[in-house]
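Presented below is the structure to which this report refers.
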Amino acid sequence: MTDDLDDLETPAEGARTLIYEVFNPDNSAGIACNRDGEIVGLYLTDEARDNGDTWLAAELLRLARLAHAKSRLGLRMEMERGGTRSYTIDSFDLPTDASYRALEAAEFGTGTS
């Protein structure tokens, strides 16, 4: 797992280039999304490729869901920094830091940090 939520503190002019990455616990696979939630990167080790198509497909889907959620968390943080009112942010149903971490913990079976 990558804990790069601190990278969300980038200046607004660089906001269009923000990338949110999620790796599985053994760092054998990872997915990167841009701020719009589109997949822009994929990382696989030889070990991950050797686990078979069924495992790999399930792992990539899981990581893609998490990377998309992380990009939505980034949007929430961006809106909060920009002074958007909380009821407006909540209307977009964006995850909070706590809800994202709980989702990640549930997916990977780890405790929250």
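Following the order of the structure tokens, chains are lettered A, B, ..., residues in each are numbered from 1, and ligands are numbered from 1.
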Q: Do a neighbour search on Leu63 of chain A at 10 Å with only C-alpha atoms, toss out local chain neighbours closer than 4 positions, and write the hits as a ChimeraX atom specification.
A: /A:21-24,29-32,42,57-59,67-69,104,107
Check your understanding: So which residues of segment 16-79 of chain A fall under strand (DSSP E) by DSSP, listed as a VMD selection string?
Key -> chain A and resid 19 to 23 29 to 34 39 to 44
Just C-alpha atoms for this one: save the residues we selected as an mmCIF file, in the first residue's frame.
```
data_model
loop_
_atom_site.group_PDB
_atom_site.id
_atom_site.type_symbol
_atom_site.label_atom_id
_atom_site.label_comp_id
_atom_site.auth_asym_id
_atom_site.auth_seq_id
_atom_site.Cartn_x
_atom_site.Cartn_y
_atom_site.Cartn_z
ATOM 1 C CA ILE A 19 -1.832 11.062 -9.842
ATOM 2 C CA TYR A 20 -3.194 8.734 -7.157
ATOM 3 C CA GLU A 21 -1.537 5.347 -6.809
ATOM 4 C CA VAL A 22 -2.567 2.210 -4.962
ATOM 5 C CA PHE A 23 -0.424 -0.913 -4.614
ATOM 6 C CA ALA A 29 0.601 -4.859 -8.627
ATOM 7 C CA GLY A 30 -0.455 -1.238 -8.683
ATOM 8 C CA ILE A 31 -2.863 1.107 -10.431
ATOM 9 C CA ALA A 32 -2.594 4.869 -10.910
ATOM 10 C CA CYS A 33 -5.521 7.208 -11.576
ATOM 11 C CA ASN A 34 -5.538 10.868 -12.492
ATOM 12 C CA ILE A 39 -6.580 4.883 -15.056
ATOM 13 C CA VAL A 40 -3.279 6.288 -16.273
ATOM 14 C CA GLY A 41 -0.815 3.666 -15.067
ATOM 15 C CA LEU A 42 -0.379 -0.003 -14.322
ATOM 16 C CA TYR A 43 2.446 -1.726 -12.466
ATOM 17 C CA LEU A 44 2.972 -5.485 -12.478
#
```
